[in-house]
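Quick notes on the structure that follows.
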Amino acid sequence: MGPITLATVVLPVPIHARGFGLLFVERLRSERADAGLNACRLIVASTYFWSGLQKLNASFLDGVFPWLVEPLFRLVPGTFTTFSRPIGIVASLLETMIGVGLLTKRLRNPSIALAIAMHTLILFLIGPLGHKWNSVVWPWNISMQLFVIILFWHASDPSLKERTETRFLPLYRVAVVLFGVMPLFSFFGLWDSYLSAALYSGNTTQAGVYMADPIRRLLPTEVQRYVSKRSDDEYWLDISSWSLGELNVPPYPEKRIYQNIARRICLHAQEPSEVILEIQESSSWLSGIRAIRRHDCSNLR
């Protein structure tokens, strides 16, 4: 009987069988990696696709876009600003097309170049040179450039058969549902805006809180900095300014978040009318007009 070794104990099978087993494990590992990469590619491409569609609204075209590109318009004749709306439409559609192009072999490289150029322009517009410095959005734009290069440059196209036969198809299906399909429901108020690439779309829900002076005095000092006087006995808490001042990011723009904030303030109220939550709904796509809803403490408890 030969000497007992680790190989004879752990792998007491013929060498060709062990080789087949290692090949199977390596194939399994490769399929898992491909499934993960394809899911990541779909997430990034879907982000561009939905982000572009979210911007096709009056609030973005007439408000956010002119504000964003104002440093660029300063470099051209003033009459050029009259074309900001059609330019905004083209920019939104181009962002959507980047998402589509990244998933096609023929348009992938032009889409990569367009994505990198778009993020570079945004970095200029919201950087120190553009006088709209936003230290939070810079890492996001740089990361998106890196994601596009890492995930799509020289990426091979899996065939339909390879997509449907992979053992890790459920992972890909989850990505399809959450990032490819569910953002559609945000247009009907059935899915969160920030889960649907709606940042900087200009079309998210906004809110603030009206309160009586005794309520204001009971707020923490850090919060009172963001409360302004509206009349002799009424004050206004701008939730967006509060979030930007404390965290350097906008608030999560969902009604339940705003309602939770108002509920906490209502704990100090003696009468329901002493605290009023005003919610401005997503704007009309064509007119930019927002419906306004008001809730006192009796509607929030």
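Labels used: A, B, ... for chains in the order of the structure tokens, numbers from 1 for residues in each chain, and numbers from 1 for ligands as shown.
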Legend entry - DSSP strand (DSSP E or B) selection over range 32-234 of chain A, as a list in words: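 Result set for range 32-234 of chain A (strand (DSSP E or B)): Gln206, Ala207, Gly208, Val209, Tyr210, Met211, Val227, Ser228, Lys229, Arg230, Ser231 and Glu234 of chain A.
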Can you write just those residues out, N, CA and C atoms, as a PDB file, in the first residue's frame?
```pdb
ATOM      1  N   GLN A 206     -41.638  67.797  -3.920  1.00  0.00           N
ATOM      2  CA  GLN A 206     -40.989  68.726  -3.000  1.00  0.00           C
ATOM      3  C   GLN A 206     -41.935  69.027  -1.845  1.00  0.00           C
ATOM      4  N   ALA A 207     -41.373  69.478  -0.729  1.00  0.00           N
ATOM      5  CA  ALA A 207     -42.229  69.734   0.431  1.00  0.00           C
ATOM      6  C   ALA A 207     -41.561  70.693   1.404  1.00  0.00           C
ATOM      7  N   GLY A 208     -42.392  71.290   2.229  1.00  0.00           N
ATOM      8  CA  GLY A 208     -41.933  72.140   3.317  1.00  0.00           C
ATOM      9  C   GLY A 208     -42.985  72.126   4.418  1.00  0.00           C
ATOM     10  N   VAL A 209     -42.645  72.702   5.550  1.00  0.00           N
ATOM     11  CA  VAL A 209     -43.543  72.666   6.705  1.00  0.00           C
ATOM     12  C   VAL A 209     -43.799  74.086   7.202  1.00  0.00           C
ATOM     13  N   TYR A 210     -45.089  74.464   7.262  1.00  0.00           N
ATOM     14  CA  TYR A 210     -45.489  75.701   7.915  1.00  0.00           C
ATOM     15  C   TYR A 210     -45.715  75.413   9.396  1.00  0.00           C
ATOM     16  N   MET A 211     -45.354  76.360  10.250  1.00  0.00           N
ATOM     17  CA  MET A 211     -45.528  76.139  11.685  1.00  0.00           C
ATOM     18  C   MET A 211     -45.698  77.462  12.409  1.00  0.00           C
ATOM     19  N   VAL A 227     -35.333  77.690   8.955  1.00  0.00           N
ATOM     20  CA  VAL A 227     -36.709  78.166   9.097  1.00  0.00           C
ATOM     21  C   VAL A 227     -36.738  79.656   8.808  1.00  0.00           C
ATOM     22  N   SER A 228     -37.636  80.079   7.920  1.00  0.00           N
ATOM     23  CA  SER A 228     -37.769  81.493   7.566  1.00  0.00           C
ATOM     24  C   SER A 228     -39.161  81.993   7.943  1.00  0.00           C
ATOM     25  N   LYS A 229     -39.262  83.283   8.198  1.00  0.00           N
ATOM     26  CA  LYS A 229     -40.527  83.888   8.597  1.00  0.00           C
ATOM     27  C   LYS A 229     -41.353  84.227   7.369  1.00  0.00           C
ATOM     28  N   ARG A 230     -42.606  83.798   7.365  1.00  0.00           N
ATOM     29  CA  ARG A 230     -43.504  84.088   6.257  1.00  0.00           C
ATOM     30  C   ARG A 230     -44.515  85.182   6.608  1.00  0.00           C
ATOM     31  N   SER A 231     -44.927  85.237   7.850  1.00  0.00           N
ATOM     32  CA  SER A 231     -45.849  86.268   8.320  1.00  0.00           C
ATOM     33  C   SER A 231     -45.625  86.446   9.814  1.00  0.00           C
ATOM     34  N   GLU A 234     -46.386  82.916  11.319  1.00  0.00           N
ATOM     35  CA  GLU A 234     -46.193  81.712  10.508  1.00  0.00           C
ATOM     36  C   GLU A 234     -44.749  81.635  10.025  1.00  0.00           C
TER      37      GLU A 234
END
```
Legend entry - A:Ile276, A:Leu125, A:Ile89, A:Leu56 ranked by distance to Ser201 in chain A, top pick (using only C-alpha atoms): A:Leu56
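For Gly189 in chain A, the residues within 10 Å (counting only C-alpha atoms, excluding itself and residues fewer than 3 positions away along the chain) are Leu184, Phe185, Ser186, Asp192, Ser193, Glu254, Glu281 and Ser282 of chain A.
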Would you mind exporting C-alpha atoms of the selected residues as a PDB file, in the first residue's frame?
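Saved to part13.pdb:
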```pdb
ATOM      1  CA  LEU A 184     -41.486  52.856 -15.716  1.00  0.00           C
ATOM      2  CA  PHE A 185     -43.933  52.856 -12.789  1.00  0.00           C
ATOM      3  CA  SER A 186     -42.375  56.020 -11.356  1.00  0.00           C
ATOM      4  CA  ASP A 192     -39.687  55.835  -6.027  1.00  0.00           C
ATOM      5  CA  SER A 193     -38.178  58.633  -8.123  1.00  0.00           C
ATOM      6  CA  GLU A 254     -41.098  60.738  -1.380  1.00  0.00           C
ATOM      7  CA  GLU A 281     -46.500  66.922  -6.388  1.00  0.00           C
ATOM      8  CA  SER A 282     -44.456  66.047  -9.450  1.00  0.00           C
TER       9      SER A 282
END
```
Inset, instruction - For Pro220 in chain A, work out the shell of residues within 12 Å, counting only C-alpha atoms and skipping chain neighbours fewer than 5 positions away, then give it as number ranges by chain. - result: A: 215, 225-227, 264-265, 268
Given the selection you just returned, output its residues as a file containing N, CA and C atoms, formatted as a CSV table (one decimal), in the first residue's frame.
```csv
chain,number,residue,atom,x,y,z
A,215,ILE,N,-43.9,76.6,18.0
A,215,ILE,CA,-43.4,75.3,17.5
A,215,ILE,C,-41.9,75.5,17.0
A,225,ARG,N,-32.1,77.1,11.8
A,225,ARG,CA,-31.3,77.9,10.8
A,225,ARG,C,-32.0,77.8,9.4
A,226,TYR,N,-32.8,76.8,9.2
A,226,TYR,CA,-33.4,76.6,7.9
A,226,TYR,C,-34.9,77.0,7.9
A,227,VAL,N,-35.3,77.7,9.0
A,227,VAL,CA,-36.7,78.2,9.1
A,227,VAL,C,-36.7,79.7,8.8
A,264,ARG,N,-42.9,64.2,13.3
A,264,ARG,CA,-42.0,64.5,14.4
A,264,ARG,C,-42.2,66.0,14.9
A,265,ILE,N,-42.4,66.9,14.0
A,265,ILE,CA,-42.7,68.3,14.4
A,265,ILE,C,-44.1,68.4,15.1
A,268,HIS,N,-44.8,68.5,19.0
A,268,HIS,CA,-44.7,69.7,19.8
A,268,HIS,C,-46.0,70.5,19.7
```
Legend entry - Between CA of Phe49 in chain A and CA of Gly63 in chain A, distance in Å (one decimal):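 Going from CA of Phe49 in chain A over to CA of Gly63 in chain A covers 21.2 Å.
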Inset, instruction - For Ser156 in chain A, please output as a PyMOL selection string all residues within 12 Å (counting only C-alpha atoms; exclusion window: fewer than 2 positions along the same chain). - result: chain A and resi 34+37-38+41+102-106+108+151-154+158-159+162
Would you save the residues of that selection, restricted to N, CA and C atoms, as an mmCIF file, in the first residue's frame?
```
data_model
loop_
_atom_site.group_PDB
_atom_site.id
_atom_site.type_symbol
_atom_site.label_atom_id
_atom_site.label_comp_id
_atom_site.auth_asym_id
_atom_site.auth_seq_id
_atom_site.Cartn_x
_atom_site.Cartn_y
_atom_site.Cartn_z
ATOM 1 N N ASP A 34 -19.800 36.003 -15.432
ATOM 2 C CA ASP A 34 -20.474 36.585 -16.591
ATOM 3 C C ASP A 34 -21.863 37.086 -16.221
ATOM 4 N N LEU A 37 -21.450 40.336 -14.285
ATOM 5 C CA LEU A 37 -21.057 41.446 -15.154
ATOM 6 C C LEU A 37 -22.214 41.902 -16.035
ATOM 7 N N ASN A 38 -22.973 40.932 -16.573
ATOM 8 C CA ASN A 38 -24.105 41.301 -17.417
ATOM 9 C C ASN A 38 -25.175 42.042 -16.621
ATOM 10 N N ARG A 41 -23.889 45.526 -16.214
ATOM 11 C CA ARG A 41 -24.022 46.266 -17.466
ATOM 12 C C ARG A 41 -25.458 46.737 -17.672
ATOM 13 N N LEU A 102 -25.219 51.252 -25.391
ATOM 14 C CA LEU A 102 -24.278 50.436 -24.623
ATOM 15 C C LEU A 102 -24.610 48.951 -24.697
ATOM 16 N N LEU A 103 -25.860 48.621 -24.957
ATOM 17 C CA LEU A 103 -26.280 47.224 -25.009
ATOM 18 C C LEU A 103 -26.241 46.652 -26.416
ATOM 19 N N THR A 104 -25.766 47.427 -27.394
ATOM 20 C CA THR A 104 -25.652 46.950 -28.763
ATOM 21 C C THR A 104 -24.193 46.977 -29.192
ATOM 22 N N LYS A 105 -23.817 46.014 -29.974
ATOM 23 C CA LYS A 105 -22.411 45.913 -30.385
ATOM 24 C C LYS A 105 -22.013 47.047 -31.317
ATOM 25 N N ARG A 106 -22.876 47.403 -32.252
ATOM 26 C CA ARG A 106 -22.534 48.408 -33.255
ATOM 27 C C ARG A 106 -22.393 49.800 -32.654
ATOM 28 N N ARG A 108 -21.899 50.532 -29.373
ATOM 29 C CA ARG A 108 -21.306 50.553 -28.034
ATOM 30 C C ARG A 108 -20.165 51.560 -27.917
ATOM 31 N N LEU A 151 -16.950 48.157 -17.740
ATOM 32 C CA LEU A 151 -17.982 47.170 -18.059
ATOM 33 C C LEU A 151 -18.200 46.983 -19.560
ATOM 34 N N PHE A 152 -17.980 48.029 -20.359
ATOM 35 C CA PHE A 152 -18.395 47.944 -21.760
ATOM 36 C C PHE A 152 -17.249 47.994 -22.768
ATOM 37 N N TRP A 153 -16.080 48.501 -22.393
ATOM 38 C CA TRP A 153 -14.994 48.577 -23.359
ATOM 39 C C TRP A 153 -14.489 47.181 -23.700
ATOM 40 N N HIS A 154 -14.534 46.820 -24.976
ATOM 41 C CA HIS A 154 -14.115 45.490 -25.472
ATOM 42 C C HIS A 154 -14.956 44.369 -24.844
ATOM 43 N N PRO A 158 -22.856 38.329 -25.246
ATOM 44 C CA PRO A 158 -23.386 36.980 -25.060
ATOM 45 C C PRO A 158 -24.585 36.748 -25.967
ATOM 46 N N SER A 159 -24.657 35.577 -26.533
ATOM 47 C CA SER A 159 -25.782 35.263 -27.403
ATOM 48 C C SER A 159 -27.043 35.064 -26.578
ATOM 49 N N GLU A 162 -26.877 31.858 -24.695
ATOM 50 C CA GLU A 162 -26.044 31.924 -23.496
ATOM 51 C C GLU A 162 -26.767 32.651 -22.368
#
```
With 12 Å as the cut-off and only C-alpha atoms counted, what is the closest atom pair between each nearby residue of range 161-266 of chain A and range 133-137 of chain A? Distances in Å to one decimal, ordered by chain and number, as a tab-separated table.
```
residue	atom	partner	partner_atom	distance
A:Leu199	CA	A:Val137	CA	10.4
A:Tyr200	CA	A:Val137	CA	10.5
A:Leu244	CA	A:Asn134	CA	10.5
A:Leu247	CA	A:Val136	CA	9.5
A:Asn248	CA	A:Val136	CA	7.0
A:Val249	CA	A:Val136	CA	7.2
A:Pro250	CA	A:Val136	CA	10.5
```
